[in-house]
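Reading through the structure tokens given below for one structure.
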Amino acid sequence: MLSRRQFIQMAVVAGAAAAIPPVFESFRQAAGADTEAAFFLTPQRWATCQALCSRIVPTGSDPATDPGATEAHAVAFIDRFLAAFELPSSVADNPPIWVTGNFSGRNPTSRDGYATSDFPPDAFLSDSGTGHFLGLTPTQEVSWRLQLYGPDYLKTLPPWVSEKWASQIASLIPVAYPQGLRQLYDDGLDAFDSWSKSTFGTTFAGASPEEQDAMLAVAGNVVLSNVWTNVPLPTPPAPPAAASELVPAITLHTFQATYGLPEYAWLNQVDDPAYVERLGGTAQWRAIAYDGDTEPLGNSLFDPNMYGPGEGPNEGFGMEGVYVPFGGYREFRPVSTLGDSGTVLSAADAEIVKQAIVEARSKK
Amino acid sequence: MTRAIVVGSGISGATLARVLARNGYEVVVLEKGRNMFANLGGSNAAVTNLFSNDEVGWESRTAPINQDPVTEPRSFRSDPSEGDRVFVGDVNDLPTTVGGGTLHYDAKFRRYREVDFVANSLMGGTADSPAIPGTTYADWPMTYQQLEPFYAVSEEVTGTQGPARMRDGRVYNPNPYESPRSTPFAMPPGVQQLNSLLPAESARRLGYHPAPVPTSIVSRPYRDRPPCNDCGFCLDYGCTINAKSSGVWPLNDALRTGRVQLLSGANAVEILYSRGPNGRFKAQGVRYLDPEGHPGTLAGDLVVLANTPIEATRLSLLSGIAPAQPNPSATSGSETEPSGLLGRNLMFHYQTATITIVDQPIHSFRGRTSTQTLDAFAGSGPGPDQFDPTVPMAGLLEIGGNLNPVTEAEYFASVLSGEAHKQMMALGPFVDHLCTFTMQGQDMPQLTNYVDLDPAIVDVWGQPIPRVTYKNHPYELAAAAYYAPKMVEIMENIGGPGSAYPTIRPLFVLQLGPGLPSVLETPAGAQVQENVVNNFPLSDVPASAHIMGTHRMALDRDHGVCDPYGRYWAFDNLYCAGGALQPTAPGYNVSLTFQALSYWVAAAIVGGVGGQDSYTPLEVGSNMSTLVSVLKSTDPDTMIAHVV
């Protein structure tokens, strides 16, 4: 579970196993499926949440090349997000709303048009497992606490907050989740479970993938879910309102965990070198031919020696005695030319893509 | 020492502070939002930031530099007949942060054209009888030629790449739709992205002239900042490596003088003023709140509002600088605001979007979002000799488009789930196959589009929030409808045999946004207008980041809130700067003009120009030598200072 770099560093110091600091060990447990390390979800809700995430972005037959939300630790992402204001400082230095710092360390610096072997440290997540997040301004804290805790928070507002503003929340000033995200998750996860029990005779986590897919599609009112396979799904009865209300939120958060920076789920190269590759990013990004974060390397590498003053593309720009531009670019990853990766769309794919785009627009 | 208070630290406020401070003024800059930079006030190379390639934090969530729509909401209605409001939340929200909205723009840095400053008179209109019915369309109080040096110095001060260069001793511009430039760009265009090149090549084969877009991102080492490396996280993101030329760079120049104090987290809520002996009012300072609502007061010898048109209006109204007549169908001035126009003529750009999905993976997520633009649909021009009043004026086409995977996943979530959704993500139609056109259409100024204070709702500090009342005019809708089929035609012509990209084909082309009537023969006929009005939703909540007007500048106090140099007519020393001053909204990206107007206002303050009760165009012309001499002494190390 360690990167080669870290493994080597630690082995040099004291021997690999003994060197894993206790904080890092607890982080590994928390980021995995160990519900003991949950900060908000109860074990039952953790299991339901994990099952939902795993069907929102399912894992393929080979998790290494076709990973899903499970490999991205989406349930840990959600649990820690919901507990944003209650995390110990060893887990997060600030609420995990926005990572802070510049680079993940998955990309190196460049020099004179070439990538170096100098990978900066991960600014978002320390080797000991502490996430680094941006401190919130007083108004950002009010906004995010309100989003997470809902109306309960209005009773404990800081004294500087306008009472008139507070009285207008949810009546005149709309909020995305009127009951608060924590309540939304508690109620929604419980509703999925009871709905599954009454429909399929088992908890949501215990239902088959087909039954779980059917419940998710019905609760989310998703219309094209079998568009590629044309395999009919089971047809559960109408979902409880709390289940339907959870779907947009849990879907969004699962996507954020799966396709966003892995540090939001406390993952980076320290966790599993097969999952997060230097220059290749997460397995989810590689599966969709996406680069992920690219700085400080970027895609076009500047070479100060490619063109001197008066040559090539700099000719005619600037002014002698004021500023004279120099240099040129080497494309590390193709920017101006056809690519190195990705899928060619077939005519049949194109029809489905078009149908999905048009349907999605008509639903908005 | 004269002490100036500048409200807002975006590209307008930063430019004001820079020019004033370089000319010996003491300046305090108030910024409501947070500061994401460290080491400001030293060399550009030493400045660090807290930005990253983070889609979750900067696109999927409200970005940390953005106005929060719950604690600081705005309200909206299209018309008073709808009641007090129909929407509360994000209405044209921009970043509120040190450096302003330019921190996360994709930095298309465009000039308006010569005809854009005089289009009303070219179409036969006058100040009292606008050429376009139902509008307050007007000429600007200055010409393109007069503003040109300020465009040039703004490009150089922030750091701008573009295609115009010196050839045979003259400035050669490959973009034939632009007006003459007196200087080349300091540096050439950076690497072009494929999804900009594809539609541009198609357009060229159809007889148009797209060109690399002048962009305020440095493509070469420039003024101690590194060149862009096309990381792919440009629009909506702060620049991790400081290659993007935002308002923070003129602000850093300003701070480096040692005469500028930056107060972040300072929310200006009142302009303090009294009546002076000459009958005019005199601004004495500003009252502000800190992030936890504690009040503070700053005294100054002059006050400049360089916040957005919406917030500048709100601050004026909160201070009692207000027209007497709240009725939107009529205007009437007051002692503090004689024109009666404050808050009126709010303008955006009318966006028309066309997308195509091509068969080959073209890594649309890489690059600077748009590296080409096509100006053919902005209207005829660029000079008065080429102007044809029957050709509709819409705006430039931004060519390119970036989309990242969380956004793509969210888009398809309403129709696909599970395996099917994952299959769609593997294809990546938006992330990996997308080309877009976004046309930024010229928006007509109307008295009935305005900003005032919401009658009931307050922000988290208890201050009344701004309310936007806004509805499209048939002109911009007809212009969009006229050009939309041409946009589709270019997209359908991408690649294929005979092109430079024979292996790439568009799979389909879609018009996004409101449904446009497919063909409109003429832009201005009554039949057309009726057709358009009946086919468009007119009350979408505006989300444009291009916000103009509310403080129109004019030659006299009957036709504008401010004089041609940004001064409020009833005040000796209260100014507005930036886009709020614009009489019209030409269809080009706005930040460069905001900056040029701010430099213009600052040069007038420094040069002692203005203060009259009205102006003639001749008088504006005769003031030019003073303004230009301020420019030359403030920025002697620029190309424009050598040629002007």
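Residues are referred to by chain and number: the chain letter is A, B, ... according to the order shown in the structure tokens, the number counts from 1 in that chain, and ligands are numbered separately from 1 in the order shown.
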**OP:** Define the interface residues of chain B facing chain A as those within 6 Å, counting only C-alpha atoms, and report them as a PyMOL selection string.
**Re:** chain B and resi 50-53+56-57+88+165-166+184-187+192-194+229-231+292+359-362+406+414-418+420+426-427+458-462
Original post:
Please, which residues of segment 105-171 of chain A, numbered as in this document, come out strand (DSSP E or B) from DSSP, as a PyMOL selection string?
Top reply: chain A and resi 110-111+114-115+125+131+133+169
How about saving the chosen residues, N, CA and C atoms kept, as a short mmCIF file (atom, residue, chain, number, x, y, z; two decimals), in the first residue's frame?
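Dumped everything to result14.cif:
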data_model
loop_
_atom_site.label_atom_id
_atom_site.label_comp_id
_atom_site.auth_asym_id
_atom_site.auth_seq_id
_atom_site.Cartn_x
_atom_site.Cartn_y
_atom_site.Cartn_z
N SER A 110 9.30 20.91 -14.99
CA SER A 110 9.95 20.81 -16.30
C SER A 110 11.12 21.77 -16.34
N ARG A 111 12.03 21.49 -17.25
CA ARG A 111 13.17 22.40 -17.43
C ARG A 111 13.59 22.35 -18.88
N TYR A 114 11.76 19.90 -21.17
CA TYR A 114 11.69 18.48 -20.84
C TYR A 114 11.22 18.28 -19.40
N ALA A 115 10.55 17.16 -19.16
CA ALA A 115 10.14 16.83 -17.80
C ALA A 115 11.37 16.44 -16.99
N LEU A 125 -2.14 16.22 0.74
CA LEU A 125 -2.23 15.09 1.68
C LEU A 125 -0.82 14.72 2.12
N GLY A 131 -5.05 15.40 5.61
CA GLY A 131 -5.47 16.18 4.45
C GLY A 131 -5.27 17.66 4.70
N PHE A 133 -6.48 21.30 3.73
CA PHE A 133 -7.61 21.98 3.12
C PHE A 133 -7.57 23.46 3.46
N ILE A 169 -33.81 32.36 5.53
CA ILE A 169 -33.28 31.12 4.96
C ILE A 169 -34.43 30.12 4.76
#
**OP:** For segment 390-404 of chain B, list every protein, DNA or RNA residue within 7 Å, evaluated using only C-alpha atoms, and leave out those in the same chain fewer than 5 positions away; present the list as JSON, numbers by chain.
**Re:** {"B": [195, 196, 364, 365, 369, 370, 371, 372, 373, 374, 375, 376, 377, 378, 379, 380, 430, 431, 435, 436, 437, 438, 439, 440, 441, 442, 476, 479, 480, 523, 587, 588]}
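Minimum atom-to-atom distance to Tyr177 of chain A, evaluated using only C-alpha atoms, belongs to B:Val70 out of B:Ala63, B:Ala577, B:Val70, B:Gly8.
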Original post:
So which bits of segment 8-189 of chain B end up alpha helix (DSSP H) when you DSSP the backbone, as a PyMOL selection string?
Top reply: chain B and resi 11-22+55+119-122+144-158
Store the residues of this selection in a file with C-alpha atoms, as a compact mmCIF listing (two decimals), in the first residue's frame.
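Below you can see part33.txt, which holds the result:
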# COMPACT_ATOMS: atom_id res chain seq x y z
CA ILE B 11 -8.59 44.40 -12.89
CA SER B 12 -10.28 47.82 -12.73
CA GLY B 13 -9.43 48.63 -9.13
CA ALA B 14 -5.92 47.23 -9.47
CA THR B 15 -5.28 49.39 -12.52
CA LEU B 16 -6.63 52.48 -10.76
CA ALA B 17 -4.46 51.83 -7.72
CA ARG B 18 -1.40 51.20 -9.88
CA VAL B 19 -1.64 54.40 -11.91
CA LEU B 20 -2.52 56.56 -8.91
CA ALA B 21 0.22 55.09 -6.72
CA ARG B 22 2.87 55.43 -9.44
CA GLU B 55 -12.29 20.15 -10.47
CA ALA B 119 -22.46 52.61 -34.11
CA ASN B 120 -25.46 54.65 -33.00
CA SER B 121 -24.62 57.62 -35.19
CA LEU B 122 -23.52 55.34 -38.05
CA TYR B 144 -11.51 54.00 -30.54
CA GLN B 145 -8.50 56.06 -31.58
CA GLN B 146 -8.61 57.95 -28.29
CA LEU B 147 -8.87 54.79 -26.19
CA GLU B 148 -6.31 52.87 -28.30
CA PRO B 149 -3.20 53.82 -26.29
CA PHE B 150 -4.99 52.69 -23.15
CA TYR B 151 -5.86 49.37 -24.74
CA ALA B 152 -2.20 48.98 -25.69
CA VAL B 153 -0.78 49.87 -22.30
CA SER B 154 -3.28 47.56 -20.57
CA GLU B 155 -2.23 44.66 -22.79
CA GLU B 156 1.39 45.27 -21.93
CA VAL B 157 0.98 45.90 -18.22
CA THR B 158 -0.91 42.64 -17.63
Would you list the contacts of Leu315 of chain B as a PDB file with C-alpha atoms, in the first residue's frame, taking every protein, DNA or RNA residue within 6 Å and counting only C-alpha atoms, but skipping same-chain residues closer than 3 positions in sequence?
ATOM      1  CA  VAL B 269     -21.325  49.493   2.614  1.00  0.00           C
ATOM      2  CA  ALA B 312     -21.265  49.644  -7.613  1.00  0.00           C
ATOM      3  CA  LEU B 318     -27.014  52.179   0.023  1.00  0.00           C
TER       4      LEU B 318
END
**OP:** Can you pull out every residue within 10 Å of Val561 of chain B, counting only C-alpha atoms, but drop anything in the same chain fewer than 4 positions away, and send it as a PyMOL selection string?
**Re:** chain B and resi 323+333+337-344+549-554+556-557+566-570+576+580-581
**OP:** Can you work out which one of B:His642, B:Arg259, B:Arg505, B:Arg205 has the shortest atom-to-atom distance to Val28 of chain B, counting only C-alpha atoms?
**Re:** B:Arg259
**OP:** Considering only C-alpha atoms, state which residue in the set B:Thr308, B:Thr352, B:Ser179, B:Ser332 is at the smallest distance from Arg111 of chain B.
**Re:**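 Answer, going by the shortest atom-to-atom distance: B:Ser179.
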